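Novice: Quick one: structure below, then a few questions.
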Amino acid sequence: MKFQVIIIGGGLAGLTAGLSLQKKGVSCAIISSGENALHFSSGSFSGDCPEEVVPLFAEAGVVLKGNPAKDSWRFTPSGSMQKVRLAFEDVTLYEEDKIKASKVLIANPEGFIDFPTAFIADGLSQQGVSCKVKSFSLPCLKTLRESPSEMRSVGIAKKLDCRINEVAGAIHKLLDGEDLVVLPQVFGLTSPEPVRALRDAVPAEISFIGTMPPSVPGIRVQMQLKKAFEKAGGTFLMGDTAVSAEISDGTVRFIRTRNLDSHILTADNYILASGTFFSKGLSSTMQKIYEPLFGLDVDCPTERTQWYSEDVFAPQPYMAAGVVTDADLHPLKDGQPVTNLFAAGSILAGEKNAGMALTSTFKVVKKIAL
Ligand SMILES: Cc1cc2nc3c(=O)[nH]c(=O)nc-3n(C[C@H](O)[C@H](O)[C@H](O)COP(=O)(O)OP(=O)(O)OC[C@H]3O[C@@H](n4cnc5c(N)ncnc54)[C@H](O)[C@@H]3O)c2cc1C
């Protein structure tokens, strides 16, 4: 099978590259093994973001709030304020590192333990904001509560997304003059409509705050981007893994995947967007950190004792590991650039955040589709 571009990895970088290229008329295939960092997303993007991302995501139905070039602040589940650039529409953004509310209701579905209400209440108290924590119970959650493995963010969203009026009614009963309601991100699994409907139905600002993974808004955004990519004509090889590649004379010749092992996949250009250790874009043995698909050069300390700091709160050097590239984002193999291969996203050596993933992705897109 032949494409103009083959992208390895269907996370934020791979999907953004695929969607952007497809919209420019470049035929792409994305090979995507499985879960990616979006499934664990806080709902916001840190780091400098390229401005092109806002209109591109809007075409896929993903509303991004904030300013790609200027910091805003969001309230986090640990009760602190965090600087971010862009956020999904679930998140409330502030211009300064202070929440704008005088009285807050923290409302949690009864029995949901993946939402740290005590941290949130403590953080609000430290800002001098009066708050109360209350739980609400709906009959539809009774069966979930009987099994701790079911009473998770995604399971709750599946039950509540079609019962927004009931949720709004339950919150109404708890309200006592509060101007902000804090809710866990357990709404809007397949569409942002339940988030919007709840905001419309409750007479106070609502801020949806991250839960323990999986991330409901992150899964939704991943699905929206995948759908938009396919609608634009892209091929998404879901649940498949690129297992081997042939490189000769500084050029990728073909790729083999686990599911299509009798076929080779070829393209004019390839984009490696396979993420970091978390997504298996990088691997390690006791002796070395390596990039498993192409055997590319990796920037990381050679001595294992230098991979980590014993101070668990200090930056951990292994987290900055990634592939080395030339100025055009062609990865190096044995010191030489692979000329039809690009790297984008957190597989790159250095700082890892969504801003960096998106900036490198748009740079690669511009190199491929001039
Ligand atoms: C758990 C976690 C949460 C994060 N949350 C945030 C956040 O809230 N905000 C923020 O700014 N940054 C966050 N980050 C930083 C994150 O790196 C970036 O935001 C960004 O999402 C990374 O996207 P990516 O596409 O480069 O990699 P990933 O999201 O890791 O995606 C890589 C994909 O490639 C696939 N893959 C790997 N190897 C192969 C192969 N051989 N064949 C086929 N597919 C393959 C993986 O299965 C995965 O789906 C988070 C990082 C992690 C690890």
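Going through the structure tokens in order, the chains are called A, B, and so on, while each chain numbers its residues from 1 and the ligands are numbered from 1 in the order shown.
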Step by step, measure atom-to-atom distances between ligand 1 and each residue using only C-alpha atoms and all ligand atoms, keep those at most 7 Å, then write them as a PDB file with N, CA and C atoms, in the first residue's frame.

Specialist:
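What ended up in selection12.pdb:
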ATOM      1  N   ILE A   8       3.490   7.440  12.097  1.00  0.00           N
ATOM      2  CA  ILE A   8       3.514   6.387  13.123  1.00  0.00           C
ATOM      3  C   ILE A   8       3.140   7.032  14.449  1.00  0.00           C
ATOM      4  N   GLY A   9       1.924   6.713  14.944  1.00  0.00           N
ATOM      5  CA  GLY A   9       1.437   7.278  16.201  1.00  0.00           C
ATOM      6  C   GLY A   9       0.209   8.129  15.987  1.00  0.00           C
ATOM      7  N   GLY A  10      -0.867   7.822  16.719  1.00  0.00           N
ATOM      8  CA  GLY A  10      -2.131   8.547  16.574  1.00  0.00           C
ATOM      9  C   GLY A  10      -2.473   9.347  17.816  1.00  0.00           C
ATOM     10  N   GLY A  11      -1.453   9.962  18.445  1.00  0.00           N
ATOM     11  CA  GLY A  11      -1.699  10.873  19.569  1.00  0.00           C
ATOM     12  C   GLY A  11      -1.872  12.295  19.047  1.00  0.00           C
ATOM     13  N   LEU A  12      -1.661  13.267  19.931  1.00  0.00           N
ATOM     14  CA  LEU A  12      -1.876  14.675  19.558  1.00  0.00           C
ATOM     15  C   LEU A  12      -1.042  15.053  18.330  1.00  0.00           C
ATOM     16  N   ALA A  13       0.235  14.668  18.316  1.00  0.00           N
ATOM     17  CA  ALA A  13       1.114  15.046  17.202  1.00  0.00           C
ATOM     18  C   ALA A  13       0.698  14.340  15.917  1.00  0.00           C
ATOM     19  N   GLY A  14       0.495  13.030  15.979  1.00  0.00           N
ATOM     20  CA  GLY A  14       0.164  12.261  14.771  1.00  0.00           C
ATOM     21  C   GLY A  14      -1.169  12.681  14.175  1.00  0.00           C
ATOM     22  N   ILE A  31      -0.729   5.047  11.593  1.00  0.00           N
ATOM     23  CA  ILE A  31      -0.680   3.736  12.265  1.00  0.00           C
ATOM     24  C   ILE A  31      -0.713   4.027  13.768  1.00  0.00           C
ATOM     25  N   SER A  32      -1.700   3.492  14.447  1.00  0.00           N
ATOM     26  CA  SER A  32      -1.879   3.874  15.858  1.00  0.00           C
ATOM     27  C   SER A  32      -2.041   2.648  16.750  1.00  0.00           C
ATOM     28  N   SER A  33      -1.049   2.430  17.604  1.00  0.00           N
ATOM     29  CA  SER A  33      -1.051   1.241  18.468  1.00  0.00           C
ATOM     30  C   SER A  33      -2.182   1.244  19.469  1.00  0.00           C
ATOM     31  N   GLY A  34      -2.417   2.411  20.101  1.00  0.00           N
ATOM     32  CA  GLY A  34      -3.426   2.376  21.166  1.00  0.00           C
ATOM     33  C   GLY A  34      -3.472   3.671  21.924  1.00  0.00           C
ATOM     34  N   GLU A  35      -3.527   3.552  23.251  1.00  0.00           N
ATOM     35  CA  GLU A  35      -3.695   4.743  24.094  1.00  0.00           C
ATOM     36  C   GLU A  35      -2.568   5.739  23.877  1.00  0.00           C
ATOM     37  N   ASN A  36      -2.902   7.012  24.072  1.00  0.00           N
ATOM     38  CA  ASN A  36      -1.884   8.047  23.967  1.00  0.00           C
ATOM     39  C   ASN A  36      -2.089   9.049  25.099  1.00  0.00           C
ATOM     40  N   ALA A  37      -1.231  10.063  25.151  1.00  0.00           N
ATOM     41  CA  ALA A  37      -1.255  10.989  26.292  1.00  0.00           C
ATOM     42  C   ALA A  37      -2.582  11.759  26.383  1.00  0.00           C
ATOM     43  N   LEU A  38      -3.313  11.910  25.257  1.00  0.00           N
ATOM     44  CA  LEU A  38      -4.607  12.605  25.329  1.00  0.00           C
ATOM     45  C   LEU A  38      -5.578  11.870  26.258  1.00  0.00           C
ATOM     46  N   PHE A  40      -4.993  10.755  28.936  1.00  0.00           N
ATOM     47  CA  PHE A  40      -4.625  11.089  30.323  1.00  0.00           C
ATOM     48  C   PHE A  40      -4.574  12.609  30.490  1.00  0.00           C
ATOM     49  N   SER A  41      -5.081  13.325  29.503  1.00  0.00           N
ATOM     50  CA  SER A  41      -4.896  14.779  29.462  1.00  0.00           C
ATOM     51  C   SER A  41      -5.625  15.495  30.592  1.00  0.00           C
ATOM     52  N   SER A  42      -5.007  16.568  31.057  1.00  0.00           N
ATOM     53  CA  SER A  42      -5.634  17.424  32.075  1.00  0.00           C
ATOM     54  C   SER A  42      -6.732  18.287  31.452  1.00  0.00           C
ATOM     55  N   GLY A  43      -6.765  18.345  30.116  1.00  0.00           N
ATOM     56  CA  GLY A  43      -7.752  19.205  29.451  1.00  0.00           C
ATOM     57  C   GLY A  43      -7.164  20.534  29.036  1.00  0.00           C
ATOM     58  N   SER A  44      -5.852  20.701  29.214  1.00  0.00           N
ATOM     59  CA  SER A  44      -5.234  21.966  28.794  1.00  0.00           C
ATOM     60  C   SER A  44      -3.857  21.716  28.203  1.00  0.00           C
ATOM     61  N   PHE A  45      -3.394  22.693  27.414  1.00  0.00           N
ATOM     62  CA  PHE A  45      -2.095  22.590  26.747  1.00  0.00           C
ATOM     63  C   PHE A  45      -1.136  23.595  27.375  1.00  0.00           C
ATOM     64  N   SER A  46       0.014  23.117  27.817  1.00  0.00           N
ATOM     65  CA  SER A  46       1.054  24.009  28.336  1.00  0.00           C
ATOM     66  C   SER A  46       2.072  24.271  27.238  1.00  0.00           C
ATOM     67  N   GLY A  47       2.850  25.337  27.418  1.00  0.00           N
ATOM     68  CA  GLY A  47       3.923  25.650  26.462  1.00  0.00           C
ATOM     69  C   GLY A  47       3.404  26.451  25.282  1.00  0.00           C
ATOM     70  N   ASP A 240      -3.136  -1.014  15.232  1.00  0.00           N
ATOM     71  CA  ASP A 240      -2.016  -1.657  14.538  1.00  0.00           C
ATOM     72  C   ASP A 240      -0.702  -1.021  15.015  1.00  0.00           C
ATOM     73  N   THR A 241       0.383  -1.751  14.884  1.00  0.00           N
ATOM     74  CA  THR A 241       1.683  -1.266  15.364  1.00  0.00           C
ATOM     75  C   THR A 241       2.718  -1.415  14.266  1.00  0.00           C
ATOM     76  N   ALA A 242       3.481  -0.350  14.021  1.00  0.00           N
ATOM     77  CA  ALA A 242       4.609  -0.466  13.081  1.00  0.00           C
ATOM     78  C   ALA A 242       5.700  -1.270  13.793  1.00  0.00           C
ATOM     79  N   VAL A 243       6.038  -2.424  13.240  1.00  0.00           N
ATOM     80  CA  VAL A 243       6.962  -3.309  13.960  1.00  0.00           C
ATOM     81  C   VAL A 243       8.367  -3.327  13.363  1.00  0.00           C
ATOM     82  N   ALA A 273       5.748   9.910  15.180  1.00  0.00           N
ATOM     83  CA  ALA A 273       5.053  10.654  16.240  1.00  0.00           C
ATOM     84  C   ALA A 273       4.628   9.641  17.305  1.00  0.00           C
ATOM     85  N   SER A 274       5.606   8.827  17.712  1.00  0.00           N
ATOM     86  CA  SER A 274       5.292   7.655  18.536  1.00  0.00           C
ATOM     87  C   SER A 274       5.374   7.926  20.032  1.00  0.00           C
ATOM     88  N   GLY A 275       5.580   9.200  20.425  1.00  0.00           N
ATOM     89  CA  GLY A 275       5.559   9.515  21.851  1.00  0.00           C
ATOM     90  C   GLY A 275       6.798   9.036  22.577  1.00  0.00           C
ATOM     91  N   THR A 276       6.689   9.041  23.897  1.00  0.00           N
ATOM     92  CA  THR A 276       7.874   8.715  24.697  1.00  0.00           C
ATOM     93  C   THR A 276       7.684   7.342  25.367  1.00  0.00           C
ATOM     94  N   PHE A 278       6.023   6.278  27.810  1.00  0.00           N
ATOM     95  CA  PHE A 278       4.625   6.022  28.150  1.00  0.00           C
ATOM     96  C   PHE A 278       3.886   5.346  26.984  1.00  0.00           C
ATOM     97  N   SER A 279       4.220   5.743  25.741  1.00  0.00           N
ATOM     98  CA  SER A 279       3.526   5.204  24.565  1.00  0.00           C
ATOM     99  C   SER A 279       4.389   4.211  23.784  1.00  0.00           C
ATOM    100  N   LYS A 280       5.528   3.867  24.331  1.00  0.00           N
ATOM    101  CA  LYS A 280       6.478   2.927  23.719  1.00  0.00           C
ATOM    102  C   LYS A 280       7.201   3.511  22.509  1.00  0.00           C
ATOM    103  N   GLY A 281       7.179   4.849  22.364  1.00  0.00           N
ATOM    104  CA  GLY A 281       8.010   5.478  21.331  1.00  0.00           C
ATOM    105  C   GLY A 281       9.478   5.356  21.699  1.00  0.00           C
ATOM    106  N   LEU A 293      11.781   1.452  16.702  1.00  0.00           N
ATOM    107  CA  LEU A 293      11.340   1.123  15.335  1.00  0.00           C
ATOM    108  C   LEU A 293      12.454   1.288  14.307  1.00  0.00           C
ATOM    109  N   ALA A 344       8.079  14.305  15.207  1.00  0.00           N
ATOM    110  CA  ALA A 344       7.224  15.362  15.778  1.00  0.00           C
ATOM    111  C   ALA A 344       6.661  14.892  17.110  1.00  0.00           C
ATOM    112  N   GLY A 345       6.449  15.843  18.012  1.00  0.00           N
ATOM    113  CA  GLY A 345       5.815  15.520  19.300  1.00  0.00           C
ATOM    114  C   GLY A 345       6.817  15.095  20.350  1.00  0.00           C
ATOM    115  N   SER A 346       6.314  14.345  21.330  1.00  0.00           N
ATOM    116  CA  SER A 346       7.137  14.065  22.513  1.00  0.00           C
ATOM    117  C   SER A 346       8.242  13.033  22.268  1.00  0.00           C
ATOM    118  N   ILE A 347       8.316  12.446  21.069  1.00  0.00           N
ATOM    119  CA  ILE A 347       9.466  11.584  20.740  1.00  0.00           C
ATOM    120  C   ILE A 347      10.743  12.418  20.608  1.00  0.00           C
ATOM    121  N   LYS A 352       8.778  18.266  27.234  1.00  0.00           N
ATOM    122  CA  LYS A 352       7.582  17.605  26.680  1.00  0.00           C
ATOM    123  C   LYS A 352       6.339  18.315  27.197  1.00  0.00           C
ATOM    124  N   ASN A 353       5.609  18.912  26.303  1.00  0.00           N
ATOM    125  CA  ASN A 353       4.260  19.401  26.624  1.00  0.00           C
ATOM    126  C   ASN A 353       3.504  19.532  25.301  1.00  0.00           C
ATOM    127  N   ALA A 354       2.212  19.841  25.408  1.00  0.00           N
ATOM    128  CA  ALA A 354       1.403  19.880  24.193  1.00  0.00           C
ATOM    129  C   ALA A 354       1.875  20.980  23.242  1.00  0.00           C
ATOM    130  N   GLY A 355       2.299  22.125  23.803  1.00  0.00           N
ATOM    131  CA  GLY A 355       2.761  23.234  22.953  1.00  0.00           C
ATOM    132  C   GLY A 355       3.931  22.796  22.090  1.00  0.00           C
ATOM    133  N   ALA A 357       4.712  19.715  21.339  1.00  0.00           N
ATOM    134  CA  ALA A 357       4.263  18.663  20.400  1.00  0.00           C
ATOM    135  C   ALA A 357       3.618  19.304  19.169  1.00  0.00           C
TER     136      ALA A 357
END

Novice: Contacts between stretch 56-76 of chain A and stretch 140-231 of chain A, please, where a residue of stretch 140-231 of chain A counts if it comes within 8 Å (with only C-alpha atoms); show its shortest atom pair and distance in Å to one decimal, rows by chain and ascending number, as a Markdown table.

Specialist:
| residue | atom | partner | partner_atom | distance |
| --- | --- | --- | --- | --- |
| A:Ile209 | CA | A:Thr76 | CA | 6.6 |
| A:Gly210 | CA | A:Thr76 | CA | 7.2 |
| A:Val221 | CA | A:Val62 | CA | 6.5 |
| A:Gln224 | CA | A:Ala60 | CA | 6.1 |
| A:Leu225 | CA | A:Ala60 | CA | 5.9 |
| A:Lys227 | CA | A:Ala60 | CA | 7.8 |
| A:Ala228 | CA | A:Ala60 | CA | 5.3 |

Novice: Could you save the residues just selected, with N, CA and C atoms, as a PDB file, in the first residue's frame?

Specialist:
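The result, stored in again_28.pdb:
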ATOM      1  N   ILE A 209     -13.285  19.986  36.353  1.00  0.00           N
ATOM      2  CA  ILE A 209     -11.890  19.788  36.761  1.00  0.00           C
ATOM      3  C   ILE A 209     -11.492  18.327  36.576  1.00  0.00           C
ATOM      4  N   GLY A 210     -10.208  18.112  36.227  1.00  0.00           N
ATOM      5  CA  GLY A 210      -9.706  16.775  35.888  1.00  0.00           C
ATOM      6  C   GLY A 210      -9.897  15.760  37.009  1.00  0.00           C
ATOM      7  N   VAL A 221     -11.692  14.471  22.537  1.00  0.00           N
ATOM      8  CA  VAL A 221     -10.926  15.241  21.550  1.00  0.00           C
ATOM      9  C   VAL A 221     -10.177  14.294  20.614  1.00  0.00           C
ATOM     10  N   GLN A 224     -12.694  13.094  18.187  1.00  0.00           N
ATOM     11  CA  GLN A 224     -13.100  14.146  17.230  1.00  0.00           C
ATOM     12  C   GLN A 224     -12.026  14.345  16.163  1.00  0.00           C
ATOM     13  N   LEU A 225     -10.756  14.338  16.585  1.00  0.00           N
ATOM     14  CA  LEU A 225      -9.667  14.542  15.617  1.00  0.00           C
ATOM     15  C   LEU A 225      -9.578  13.356  14.658  1.00  0.00           C
ATOM     16  N   LYS A 227     -12.005  11.339  13.788  1.00  0.00           N
ATOM     17  CA  LYS A 227     -13.170  11.386  12.884  1.00  0.00           C
ATOM     18  C   LYS A 227     -12.932  12.421  11.777  1.00  0.00           C
ATOM     19  N   ALA A 228     -12.418  13.583  12.164  1.00  0.00           N
ATOM     20  CA  ALA A 228     -12.188  14.647  11.166  1.00  0.00           C
ATOM     21  C   ALA A 228     -11.113  14.209  10.169  1.00  0.00           C
TER      22      ALA A 228
END

Novice: Just give me the gap between atom CA of A:Ala267 and atom CA of A:Gly234 in Å, one decimal is fine.

Specialist: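 Distance between the two atoms: 13.7 Å.
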
Novice: Give the strand (DSSP E or B) residues of stretch 161-210 of chain A, as assigned by DSSP on the backbone, as a VMD selection string.

Specialist: chain A and resid 180 to 184 205 to 209

Novice: For A:Arg253, which residue among A:Cys131, A:Arg163, A:Asp122, A:Val338 is the nearest when counting only C-alpha atoms?

Specialist: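 Closest residue, counting only C-alpha atoms: A:Val338.
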
Novice: Can you tell me which residues surround A:Pro77 at a distance of at most 12 Å, considering only C-alpha atoms, apart from same-chain residues fewer than 3 positions away, and format the answer as a ChimeraX atom specification?

Specialist: /A:42-43,74,80-82,91,106,114-124,182-185,207-212

Novice: Tell me which protein, DNA and RNA residues are within 10 Å of A:His172, counting only C-alpha atoms, leaving out same-chain ones fewer than 4 positions away, and put them as a list in words.

Specialist: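 Listed by chain and then number, they are Glu166, Val167, Ala168, Asp176, Ala201, Val202, Pro203 and Ala204 of chain A.
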
Novice: Nearest to A:Val104 among A:Asp90, A:Glu193, A:Glu205, A:Glu146, with distances taken over only C-alpha atoms: which residue is it?

Specialist: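 Among A:Asp90, A:Glu193, A:Glu205, A:Glu146, it is A:Glu205 that comes nearest to A:Val104.
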
Novice: Considering only helix (DSSP H, G or I) as DSSP defines it on the backbone, what residues of stretch 252-350 of chain A qualify? List them as number ranges by chain.

Specialist: A: 277-279, 304-306, 317-320, 345-347

Novice: With distances taken over only C-alpha atoms, which residue among A:Met1, A:Ala327, A:Leu93, A:Leu189 lies nearest A:Lys367?

Specialist: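 With only C-alpha atoms as the atom set, the closest residue is A:Ala327.
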
Novice: At a cut-off of 12 Å, using only C-alpha atoms, what residues contact stretch 135-145 of chain A? Leave out same-chain residues fewer than 3 positions from it and give the result as a ChimeraX atom specification.

Specialist: /A:105-113,115,117,132,148-175,182-184

Novice: Export, as a short mmCIF file (atom, residue, chain, number, x, y, z; two decimals), in the first residue's frame, the selected residues with N, CA and C atoms.

Specialist:
data_model
loop_
_atom_site.label_atom_id
_atom_site.label_comp_id
_atom_site.auth_asym_id
_atom_site.auth_seq_id
_atom_site.Cartn_x
_atom_site.Cartn_y
_atom_site.Cartn_z
N LEU A 105 -19.51 25.75 45.18
CA LEU A 105 -20.06 24.42 45.48
C LEU A 105 -19.22 23.39 44.72
N ILE A 106 -18.62 22.45 45.47
CA ILE A 106 -17.92 21.34 44.81
C ILE A 106 -18.91 20.16 44.84
N ALA A 107 -19.36 19.75 43.67
CA ALA A 107 -20.41 18.71 43.62
C ALA A 107 -19.84 17.46 42.95
N ASN A 108 -19.97 16.33 43.64
CA ASN A 108 -19.37 15.08 43.15
C ASN A 108 -20.42 13.98 43.13
N PRO A 109 -20.46 13.15 42.06
CA PRO A 109 -21.40 12.03 42.09
C PRO A 109 -21.08 11.13 43.30
N GLU A 110 -22.09 10.76 44.04
CA GLU A 110 -21.87 9.97 45.25
C GLU A 110 -21.08 8.69 44.95
N GLY A 111 -20.06 8.41 45.72
CA GLY A 111 -19.27 7.18 45.57
C GLY A 111 -18.13 7.29 44.57
N PHE A 112 -17.93 8.46 43.94
CA PHE A 112 -16.85 8.61 42.96
C PHE A 112 -15.58 9.03 43.70
N ILE A 113 -14.60 8.14 43.74
CA ILE A 113 -13.41 8.44 44.56
C ILE A 113 -12.23 8.94 43.72
N PHE A 115 -11.94 11.77 42.30
CA PHE A 115 -12.01 13.23 42.23
C PHE A 115 -11.63 13.77 43.62
N THR A 117 -11.82 15.88 46.12
CA THR A 117 -12.58 17.04 46.62
C THR A 117 -11.86 17.75 47.78
N LYS A 132 -18.19 24.60 49.83
CA LYS A 132 -18.72 23.41 50.49
C LYS A 132 -18.66 22.24 49.51
N PRO A 148 -16.34 -0.98 42.13
CA PRO A 148 -15.38 0.13 42.09
C PRO A 148 -14.74 0.30 40.71
N SER A 149 -14.58 -0.82 39.94
CA SER A 149 -13.93 -0.67 38.63
C SER A 149 -14.86 0.00 37.62
N GLU A 150 -16.17 -0.03 37.88
CA GLU A 150 -17.11 0.62 36.96
C GLU A 150 -17.32 2.10 37.30
N MET A 151 -17.12 2.43 38.58
CA MET A 151 -17.40 3.81 39.03
C MET A 151 -16.19 4.68 38.68
N ARG A 152 -15.90 4.76 37.38
CA ARG A 152 -14.76 5.53 36.88
C ARG A 152 -15.32 6.62 35.96
N SER A 153 -14.44 7.57 35.60
CA SER A 153 -14.91 8.73 34.84
C SER A 153 -15.70 8.37 33.58
N VAL A 154 -15.17 7.43 32.79
CA VAL A 154 -15.82 7.10 31.52
C VAL A 154 -17.17 6.42 31.75
N GLY A 155 -17.22 5.51 32.73
CA GLY A 155 -18.48 4.83 33.04
C GLY A 155 -19.54 5.82 33.48
N ILE A 156 -19.14 6.81 34.29
CA ILE A 156 -20.11 7.81 34.76
C ILE A 156 -20.58 8.67 33.59
N ALA A 157 -19.64 9.07 32.72
CA ALA A 157 -20.03 9.90 31.57
C ALA A 157 -21.06 9.16 30.70
N LYS A 158 -20.84 7.86 30.52
CA LYS A 158 -21.79 7.09 29.68
C LYS A 158 -23.19 7.15 30.27
N LYS A 159 -23.29 7.15 31.60
CA LYS A 159 -24.61 7.20 32.25
C LYS A 159 -25.19 8.62 32.25
N LEU A 160 -24.34 9.62 32.54
CA LEU A 160 -24.87 10.97 32.79
C LEU A 160 -25.07 11.81 31.52
N ASP A 161 -24.31 11.52 30.47
CA ASP A 161 -24.39 12.38 29.27
C ASP A 161 -25.81 12.47 28.70
N CYS A 162 -26.60 11.40 28.89
CA CYS A 162 -27.96 11.44 28.34
C CYS A 162 -28.97 11.84 29.42
N ARG A 163 -28.48 12.29 30.58
CA ARG A 163 -29.41 12.67 31.67
C ARG A 163 -29.03 14.03 32.25
N ILE A 164 -28.67 14.97 31.37
CA ILE A 164 -28.17 16.26 31.83
C ILE A 164 -29.24 17.02 32.62
N ASN A 165 -30.51 16.88 32.24
CA ASN A 165 -31.57 17.58 32.99
C ASN A 165 -31.64 17.08 34.43
N GLU A 166 -31.49 15.75 34.61
CA GLU A 166 -31.51 15.19 35.97
C GLU A 166 -30.33 15.70 36.79
N VAL A 167 -29.14 15.76 36.13
CA VAL A 167 -27.94 16.24 36.85
C VAL A 167 -28.16 17.70 37.25
N ALA A 168 -28.66 18.50 36.30
CA ALA A 168 -28.88 19.93 36.59
C ALA A 168 -29.86 20.07 37.75
N GLY A 169 -30.90 19.23 37.77
CA GLY A 169 -31.88 19.28 38.85
C GLY A 169 -31.23 18.96 40.19
N ALA A 170 -30.37 17.95 40.20
CA ALA A 170 -29.69 17.56 41.46
C ALA A 170 -28.77 18.68 41.95
N ILE A 171 -28.10 19.34 41.01
CA ILE A 171 -27.19 20.44 41.41
C ILE A 171 -27.99 21.63 41.93
N HIS A 172 -29.10 21.91 41.26
CA HIS A 172 -29.99 23.00 41.70
C HIS A 172 -30.33 22.85 43.18
N LYS A 173 -30.65 21.60 43.58
CA LYS A 173 -31.06 21.36 44.97
C LYS A 173 -29.93 21.65 45.95
N LEU A 174 -28.67 21.55 45.48
CA LEU A 174 -27.53 21.77 46.39
C LEU A 174 -27.11 23.24 46.45
N LEU A 175 -27.57 24.01 45.46
CA LEU A 175 -27.10 25.42 45.37
C LEU A 175 -27.70 26.28 46.47
N VAL A 182 -18.00 23.55 40.99
CA VAL A 182 -16.88 22.73 40.51
C VAL A 182 -17.38 21.30 40.37
N LEU A 183 -17.21 20.74 39.17
CA LEU A 183 -17.65 19.37 38.89
C LEU A 183 -16.48 18.57 38.31
N PRO A 184 -16.44 17.26 38.52
CA PRO A 184 -15.40 16.45 37.87
C PRO A 184 -15.64 16.37 36.36
#

Novice: Got a sec: who's within 9 Å of A:Asp268, counting only C-alpha atoms, leaving out chain neighbours fewer than 2 positions off, as a PyMOL selection string?

Specialist: chain A and resi 2-6+252+266+270+340
